[in-house]
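Structure data follow from target32.txt (compact mmCIF, N, CA and C atoms):
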# COMPACT_ATOMS: atom_id res chain seq x y z
N MET A 88 148.26 133.35 113.32
CA MET A 88 147.93 133.71 111.96
C MET A 88 149.21 134.00 111.19
N GLY A 89 149.22 133.57 109.94
CA GLY A 89 150.36 133.85 109.09
C GLY A 89 150.27 135.24 108.49
N ARG A 90 151.37 135.67 107.94
CA ARG A 90 151.39 136.99 107.31
C ARG A 90 150.71 136.93 105.95
N MET A 91 150.05 138.01 105.61
CA MET A 91 149.42 138.13 104.31
C MET A 91 150.51 138.37 103.27
N PRO A 92 150.39 137.78 102.09
CA PRO A 92 151.40 138.05 101.06
C PRO A 92 151.36 139.51 100.66
N ARG A 93 152.52 140.04 100.37
CA ARG A 93 152.61 141.44 99.96
C ARG A 93 152.03 141.60 98.56
N ARG A 94 151.14 142.56 98.38
CA ARG A 94 150.51 142.82 97.09
C ARG A 94 151.15 144.06 96.48
N SER A 95 151.34 144.01 95.20
CA SER A 95 151.88 145.15 94.49
C SER A 95 150.75 145.90 93.81
N SER A 96 150.92 147.20 93.67
CA SER A 96 149.91 147.98 92.96
C SER A 96 150.15 147.92 91.45
N ARG A 97 151.23 147.29 91.05
CA ARG A 97 151.54 147.16 89.63
C ARG A 97 151.01 145.83 89.10
N PRO A 98 150.48 145.83 87.88
CA PRO A 98 149.98 144.58 87.31
C PRO A 98 151.13 143.63 87.00
N GLU A 99 150.81 142.36 86.94
CA GLU A 99 151.83 141.35 86.65
C GLU A 99 152.31 141.48 85.21
N ALA A 100 153.57 141.13 84.98
CA ALA A 100 154.18 141.25 83.66
C ALA A 100 153.41 140.45 82.61
N ALA A 101 152.91 139.29 82.97
CA ALA A 101 152.17 138.47 82.01
C ALA A 101 150.95 139.22 81.49
N PHE A 102 150.36 140.03 82.34
CA PHE A 102 149.20 140.82 81.92
C PHE A 102 149.61 141.98 81.03
N THR A 103 150.60 142.75 81.47
CA THR A 103 151.00 143.93 80.70
C THR A 103 151.69 143.58 79.39
N ASN A 104 152.43 142.49 79.36
CA ASN A 104 153.11 142.11 78.12
C ASN A 104 152.11 141.81 77.01
N HIS A 105 150.96 141.31 77.39
CA HIS A 105 149.93 141.00 76.41
C HIS A 105 149.48 142.25 75.66
N TYR A 106 149.53 143.42 76.32
CA TYR A 106 149.03 144.65 75.73
C TYR A 106 150.13 145.55 75.17
N GLN A 107 151.37 145.15 75.24
CA GLN A 107 152.46 146.00 74.76
C GLN A 107 152.29 146.37 73.29
N GLU A 108 151.90 145.42 72.47
CA GLU A 108 151.75 145.70 71.04
C GLU A 108 150.54 146.57 70.76
N ASP A 109 149.58 146.57 71.66
CA ASP A 109 148.35 147.32 71.45
C ASP A 109 148.40 148.75 71.95
N LYS A 110 149.49 149.17 72.61
CA LYS A 110 149.49 150.50 73.22
C LYS A 110 149.40 151.60 72.18
N PHE A 111 149.98 151.42 71.00
CA PHE A 111 149.88 152.45 69.98
C PHE A 111 148.48 152.46 69.35
N ALA A 112 147.87 151.30 69.27
CA ALA A 112 146.49 151.24 68.76
C ALA A 112 145.57 152.00 69.72
N LEU A 113 145.75 151.81 71.01
CA LEU A 113 144.94 152.51 72.00
C LEU A 113 145.17 154.02 71.90
N ALA A 114 146.41 154.43 71.73
CA ALA A 114 146.72 155.86 71.60
C ALA A 114 146.04 156.44 70.36
N ARG A 115 146.02 155.70 69.27
CA ARG A 115 145.36 156.18 68.05
C ARG A 115 143.85 156.30 68.26
N ILE A 116 143.26 155.34 68.95
CA ILE A 116 141.82 155.40 69.22
C ILE A 116 141.49 156.60 70.10
N GLU A 117 142.28 156.81 71.16
CA GLU A 117 142.06 157.96 72.04
C GLU A 117 142.19 159.26 71.27
N ALA A 118 143.23 159.37 70.45
CA ALA A 118 143.44 160.58 69.66
C ALA A 118 142.26 160.81 68.71
N HIS A 119 141.74 159.75 68.13
CA HIS A 119 140.61 159.85 67.22
C HIS A 119 139.39 160.44 67.95
N TYR A 120 139.14 159.99 69.17
CA TYR A 120 138.02 160.52 69.94
C TYR A 120 138.26 161.97 70.34
N PHE A 121 139.49 162.30 70.75
CA PHE A 121 139.79 163.68 71.13
C PHE A 121 139.63 164.64 69.96
N VAL A 122 140.16 164.26 68.81
CA VAL A 122 140.07 165.11 67.62
C VAL A 122 138.61 165.33 67.22
N ASN A 123 137.78 164.33 67.42
CA ASN A 123 136.36 164.42 67.06
C ASN A 123 135.47 164.82 68.23
N ARG A 124 136.09 165.34 69.28
CA ARG A 124 135.39 165.86 70.46
C ARG A 124 134.41 164.85 71.05
N GLY A 125 134.85 163.59 71.08
CA GLY A 125 134.03 162.53 71.66
C GLY A 125 132.77 162.22 70.88
N PHE A 126 132.69 162.72 69.66
CA PHE A 126 131.53 162.53 68.79
C PHE A 126 130.26 163.10 69.41
N LEU A 127 130.42 164.13 70.22
CA LEU A 127 129.27 164.81 70.81
C LEU A 127 128.87 165.98 69.92
N GLU A 128 127.58 166.28 69.88
CA GLU A 128 127.10 167.39 69.07
C GLU A 128 127.47 168.74 69.66
N SER A 129 127.54 168.81 70.99
CA SER A 129 127.93 170.05 71.67
C SER A 129 128.66 169.70 72.95
N GLY A 130 129.33 170.66 73.52
CA GLY A 130 130.09 170.43 74.74
C GLY A 130 129.25 170.09 75.95
N ASP A 131 127.98 170.48 75.93
CA ASP A 131 127.11 170.20 77.07
C ASP A 131 126.03 169.16 76.75
N GLN A 132 126.23 168.42 75.70
CA GLN A 132 125.23 167.43 75.27
C GLN A 132 124.91 166.43 76.37
N PHE A 133 125.92 165.96 77.05
CA PHE A 133 125.70 164.97 78.11
C PHE A 133 124.89 165.58 79.25
N LEU A 134 125.24 166.80 79.67
CA LEU A 134 124.50 167.46 80.75
C LEU A 134 123.06 167.77 80.35
N CYS A 135 122.87 168.14 79.10
CA CYS A 135 121.52 168.48 78.63
C CYS A 135 120.62 167.26 78.49
N ASN A 136 121.20 166.07 78.50
CA ASN A 136 120.41 164.85 78.30
C ASN A 136 120.47 163.89 79.49
N THR A 137 120.75 164.42 80.67
CA THR A 137 120.85 163.53 81.83
C THR A 137 119.53 162.85 82.16
N GLU A 138 118.41 163.43 81.73
CA GLU A 138 117.12 162.77 82.02
C GLU A 138 117.05 161.39 81.37
N ARG A 139 117.86 161.17 80.34
CA ARG A 139 117.84 159.87 79.66
C ARG A 139 118.56 158.79 80.47
N ILE A 140 119.38 159.18 81.44
CA ILE A 140 120.13 158.19 82.22
C ILE A 140 119.76 158.19 83.70
N ARG A 141 118.81 159.00 84.08
CA ARG A 141 118.49 159.15 85.50
C ARG A 141 118.10 157.85 86.18
N ALA A 142 117.48 156.93 85.47
CA ALA A 142 117.07 155.66 86.07
C ALA A 142 118.19 154.63 86.10
N ILE A 143 119.32 154.95 85.51
CA ILE A 143 120.44 154.02 85.47
C ILE A 143 121.35 154.31 86.66
N PRO A 144 121.61 153.31 87.51
CA PRO A 144 122.54 153.53 88.63
C PRO A 144 123.93 153.85 88.10
N GLY A 145 124.59 154.80 88.71
CA GLY A 145 125.93 155.14 88.25
C GLY A 145 126.74 155.83 89.32
N THR A 146 128.05 155.76 89.15
CA THR A 146 128.99 156.42 90.05
C THR A 146 129.89 157.32 89.22
N ILE A 147 130.01 158.55 89.63
CA ILE A 147 130.92 159.49 89.00
C ILE A 147 132.21 159.46 89.81
N MET A 148 133.29 159.07 89.16
CA MET A 148 134.58 158.97 89.84
C MET A 148 135.46 160.14 89.42
N GLN A 149 135.90 160.91 90.39
CA GLN A 149 136.75 162.06 90.13
C GLN A 149 138.11 161.81 90.76
N GLY A 150 139.13 161.83 89.93
CA GLY A 150 140.49 161.62 90.44
C GLY A 150 140.97 162.82 91.23
N ARG A 151 141.55 162.57 92.38
CA ARG A 151 141.95 163.68 93.23
C ARG A 151 143.06 164.52 92.61
N TYR A 152 143.85 163.94 91.70
CA TYR A 152 144.93 164.68 91.06
C TYR A 152 144.66 164.91 89.57
N ASP A 153 143.42 164.78 89.17
CA ASP A 153 143.06 164.92 87.76
C ASP A 153 143.17 166.38 87.35
N VAL A 154 144.03 166.66 86.39
CA VAL A 154 144.18 168.03 85.90
C VAL A 154 143.46 168.23 84.57
N VAL A 155 142.99 167.15 83.96
CA VAL A 155 142.27 167.24 82.68
C VAL A 155 140.79 167.50 82.93
N CYS A 156 140.21 166.78 83.86
CA CYS A 156 138.79 166.94 84.19
C CYS A 156 138.69 167.52 85.59
N PRO A 157 138.44 168.81 85.70
CA PRO A 157 138.40 169.42 87.03
C PRO A 157 137.21 168.94 87.86
N MET A 158 137.31 169.07 89.17
CA MET A 158 136.26 168.65 90.09
C MET A 158 134.94 169.33 89.76
N GLU A 159 134.99 170.54 89.27
CA GLU A 159 133.76 171.26 88.92
C GLU A 159 132.94 170.48 87.90
N SER A 160 133.60 169.78 86.99
CA SER A 160 132.88 168.99 85.98
C SER A 160 132.11 167.85 86.64
N ALA A 161 132.75 167.15 87.55
CA ALA A 161 132.08 166.04 88.25
C ALA A 161 130.94 166.56 89.10
N TRP A 162 131.15 167.68 89.77
CA TRP A 162 130.12 168.25 90.64
C TRP A 162 128.93 168.72 89.80
N THR A 163 129.18 169.34 88.66
CA THR A 163 128.11 169.79 87.78
C THR A 163 127.28 168.61 87.28
N LEU A 164 127.96 167.54 86.88
CA LEU A 164 127.26 166.34 86.43
C LEU A 164 126.44 165.73 87.57
N HIS A 165 127.01 165.68 88.74
CA HIS A 165 126.29 165.11 89.89
C HIS A 165 125.04 165.93 90.24
N ARG A 166 125.12 167.24 90.13
CA ARG A 166 123.93 168.08 90.39
C ARG A 166 122.86 167.84 89.33
N ALA A 167 123.28 167.59 88.08
CA ALA A 167 122.31 167.32 87.01
C ALA A 167 121.76 165.90 87.11
N TRP A 168 122.49 165.02 87.77
CA TRP A 168 122.13 163.60 87.90
C TRP A 168 122.21 163.22 89.38
N PRO A 169 121.31 163.74 90.21
CA PRO A 169 121.42 163.56 91.65
C PRO A 169 121.29 162.11 92.11
N GLU A 170 120.76 161.24 91.27
CA GLU A 170 120.67 159.82 91.63
C GLU A 170 122.03 159.14 91.60
N SER A 171 123.01 159.76 91.01
CA SER A 171 124.35 159.16 90.92
C SER A 171 125.07 159.29 92.25
N ASP A 172 126.08 158.45 92.42
CA ASP A 172 126.99 158.58 93.56
C ASP A 172 128.21 159.33 93.07
N LEU A 173 128.75 160.19 93.91
CA LEU A 173 129.95 160.95 93.55
C LEU A 173 131.10 160.50 94.41
N LEU A 174 132.08 159.91 93.80
CA LEU A 174 133.31 159.50 94.49
C LEU A 174 134.37 160.52 94.09
N ASP A 175 134.60 161.46 94.99
CA ASP A 175 135.45 162.60 94.66
C ASP A 175 136.88 162.48 95.19
N HIS A 176 137.29 161.31 95.55
CA HIS A 176 138.65 161.14 96.04
C HIS A 176 139.32 159.91 95.44
N ALA A 177 138.94 159.60 94.22
CA ALA A 177 139.54 158.45 93.55
C ALA A 177 141.01 158.74 93.27
N GLY A 178 141.84 157.76 93.43
CA GLY A 178 143.26 157.93 93.16
C GLY A 178 143.58 157.66 91.72
N GLN A 179 144.62 158.30 91.24
CA GLN A 179 145.08 158.06 89.89
C GLN A 179 146.58 157.92 89.93
N ARG A 180 147.07 157.00 89.15
CA ARG A 180 148.52 156.82 89.05
C ARG A 180 149.04 157.66 87.91
N PRO A 181 150.18 158.28 88.11
CA PRO A 181 150.75 159.08 87.02
C PRO A 181 151.15 158.25 85.84
Transcribe the structure of this file into structure tokens.
Amino acid sequence: MGRMPRRSSRPEAAFTNHYQEDKFALARIEAHYFVNRGFLESGDQFLCNTERIRAIPGTIMQGRYDVVCPMESAWTLHRAWPESDLLDHAGQRP
């Protein structure tokens, strides 16, 4: 058997170069959502309405090094939506 080609965890330059001009647009969109609190009526709106998504298959992914969204948030959502899968060891790149 031959050796498998080495794979990089970094995307190819042809892919990332395509989005270089859009990075500030993405930052503006993210900032717009943060300033408007995700356009939610209250901080617990999603948790209070989980019955609306219970029939939809879903996976809650929690980054193991996530400092913005603590594990408690993912666990609370999973308890409110027990049909979901909880992946609590997802990796995140800095």
As number ranges by chain, list the residues of stretch 117-175 of chain A assigned to helix (DSSP H, G or I) by DSSP on the backbone atoms of this structure. A: 117-122, 124-126, 132-135, 137-139, 158-167
Pick out the residues sitting within 12 Å of A:Leu134, and hand them over as a list in words; count only C-alpha atoms, and ignore anything fewer than 3 positions along from it in its own chain.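 So, after excluding close chain neighbours, the residues are Leu127, Glu128, Ser129, Gly130, Asp131, Thr137, Glu138, Arg139, Ile140, Arg141, Ser160, Ala161, Trp162, Thr163, Leu164, His165, Arg166, Ala167, Trp168 and Pro169 of chain A.
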Kindly save the residues from that selection, with N, CA and C atoms included, as a compact mmCIF listing (two decimals), in the coordinates of the input.
# COMPACT_ATOMS: atom_id res chain seq x y z
N LEU A 127 130.42 164.13 70.22
CA LEU A 127 129.27 164.81 70.81
C LEU A 127 128.87 165.98 69.92
N GLU A 128 127.58 166.28 69.88
CA GLU A 128 127.10 167.39 69.07
C GLU A 128 127.47 168.74 69.66
N SER A 129 127.54 168.81 70.99
CA SER A 129 127.93 170.05 71.67
C SER A 129 128.66 169.70 72.95
N GLY A 130 129.33 170.66 73.52
CA GLY A 130 130.09 170.43 74.74
C GLY A 130 129.25 170.09 75.95
N ASP A 131 127.98 170.48 75.93
CA ASP A 131 127.11 170.20 77.07
C ASP A 131 126.03 169.16 76.75
N THR A 137 120.75 164.42 80.67
CA THR A 137 120.85 163.53 81.83
C THR A 137 119.53 162.85 82.16
N GLU A 138 118.41 163.43 81.73
CA GLU A 138 117.12 162.77 82.02
C GLU A 138 117.05 161.39 81.37
N ARG A 139 117.86 161.17 80.34
CA ARG A 139 117.84 159.87 79.66
C ARG A 139 118.56 158.79 80.47
N ILE A 140 119.38 159.18 81.44
CA ILE A 140 120.13 158.19 82.22
C ILE A 140 119.76 158.19 83.70
N ARG A 141 118.81 159.00 84.08
CA ARG A 141 118.49 159.15 85.50
C ARG A 141 118.10 157.85 86.18
N SER A 160 133.60 169.78 86.99
CA SER A 160 132.88 168.99 85.98
C SER A 160 132.11 167.85 86.64
N ALA A 161 132.75 167.15 87.55
CA ALA A 161 132.08 166.04 88.25
C ALA A 161 130.94 166.56 89.10
N TRP A 162 131.15 167.68 89.77
CA TRP A 162 130.12 168.25 90.64
C TRP A 162 128.93 168.72 89.80
N THR A 163 129.18 169.34 88.66
CA THR A 163 128.11 169.79 87.78
C THR A 163 127.28 168.61 87.28
N LEU A 164 127.96 167.54 86.88
CA LEU A 164 127.26 166.34 86.43
C LEU A 164 126.44 165.73 87.57
N HIS A 165 127.01 165.68 88.74
CA HIS A 165 126.29 165.11 89.89
C HIS A 165 125.04 165.93 90.24
N ARG A 166 125.12 167.24 90.13
CA ARG A 166 123.93 168.08 90.39
C ARG A 166 122.86 167.84 89.33
N ALA A 167 123.28 167.59 88.08
CA ALA A 167 122.31 167.32 87.01
C ALA A 167 121.76 165.90 87.11
N TRP A 168 122.49 165.02 87.77
CA TRP A 168 122.13 163.60 87.90
C TRP A 168 122.21 163.22 89.38
N PRO A 169 121.31 163.74 90.21
CA PRO A 169 121.42 163.56 91.65
C PRO A 169 121.29 162.11 92.11
Separation of atom CA of A:Cys156 from atom CA of A:Glu117 in Å: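 Atom CA of A:Cys156 lies 15.5 Å from atom CA of A:Glu117.
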Find the residues near stretch 142-148 of chain A: any atom within 7 Å, counting only C-alpha atoms, skip ones fewer than 5 places away on the same chain, and give them as a count of residues only. 7
Atom C of A:His176 to atom CA of A:Met158, distance in Å rounded to a single decimal: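 Atom CA of A:Met158 lies at a distance of 10.7 Å from atom C of A:His176.
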Atom-to-atom span, atom CA of A:His119 and atom CA of A:Asn136, Å: 23.6 Å
Centre and edges of the stretch 108-124 of chain A box, axis-aligned, 6 Å extra per side, as JSON:
{"center_x": 143.2, "center_y": 155.6, "center_z": 70.1, "size_x": 29.5, "size_y": 32.4, "size_z": 18.2}
Put stretch 132-149 of chain A into a file with N, CA and C atoms, as a short mmCIF file (atom, residue, chain, number, x, y, z; two decimals), in the first residue's frame.
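Output below, filename out_35.cif:
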data_model
loop_
_atom_site.label_atom_id
_atom_site.label_comp_id
_atom_site.auth_asym_id
_atom_site.auth_seq_id
_atom_site.Cartn_x
_atom_site.Cartn_y
_atom_site.Cartn_z
N GLN A 132 -35.52 33.33 24.87
CA GLN A 132 -36.56 33.07 23.86
C GLN A 132 -36.39 31.70 23.21
N PHE A 133 -35.17 31.35 22.88
CA PHE A 133 -34.93 30.06 22.23
C PHE A 133 -35.28 28.91 23.17
N LEU A 134 -34.86 29.00 24.44
CA LEU A 134 -35.17 27.94 25.40
C LEU A 134 -36.67 27.84 25.67
N CYS A 135 -37.34 28.97 25.70
CA CYS A 135 -38.78 28.98 25.98
C CYS A 135 -39.60 28.43 24.81
N ASN A 136 -39.00 28.32 23.65
CA ASN A 136 -39.74 27.87 22.46
C ASN A 136 -39.19 26.58 21.86
N THR A 137 -38.51 25.79 22.66
CA THR A 137 -37.93 24.55 22.12
C THR A 137 -38.99 23.58 21.62
N GLU A 138 -40.23 23.69 22.12
CA GLU A 138 -41.28 22.78 21.64
C GLU A 138 -41.52 22.95 20.15
N ARG A 139 -41.14 24.11 19.61
CA ARG A 139 -41.35 24.36 18.18
C ARG A 139 -40.33 23.62 17.31
N ILE A 140 -39.22 23.18 17.91
CA ILE A 140 -38.18 22.50 17.12
C ILE A 140 -37.97 21.04 17.54
N ARG A 141 -38.75 20.57 18.48
CA ARG A 141 -38.51 19.23 19.02
C ARG A 141 -38.55 18.13 17.97
N ALA A 142 -39.34 18.28 16.93
CA ALA A 142 -39.43 17.25 15.89
C ALA A 142 -38.33 17.37 14.85
N ILE A 143 -37.53 18.40 14.94
CA ILE A 143 -36.45 18.61 13.97
C ILE A 143 -35.18 17.98 14.51
N PRO A 144 -34.57 17.05 13.77
CA PRO A 144 -33.30 16.47 14.23
C PRO A 144 -32.23 17.55 14.31
N GLY A 145 -31.44 17.51 15.35
CA GLY A 145 -30.39 18.51 15.48
C GLY A 145 -29.27 18.05 16.39
N THR A 146 -28.12 18.68 16.21
CA THR A 146 -26.95 18.41 17.03
C THR A 146 -26.47 19.73 17.62
N ILE A 147 -26.27 19.74 18.91
CA ILE A 147 -25.71 20.90 19.59
C ILE A 147 -24.21 20.66 19.70
N MET A 148 -23.44 21.54 19.09
CA MET A 148 -21.99 21.39 19.11
C MET A 148 -21.39 22.41 20.07
N GLN A 149 -20.66 21.92 21.05
CA GLN A 149 -20.03 22.78 22.04
C GLN A 149 -18.52 22.67 21.88
#
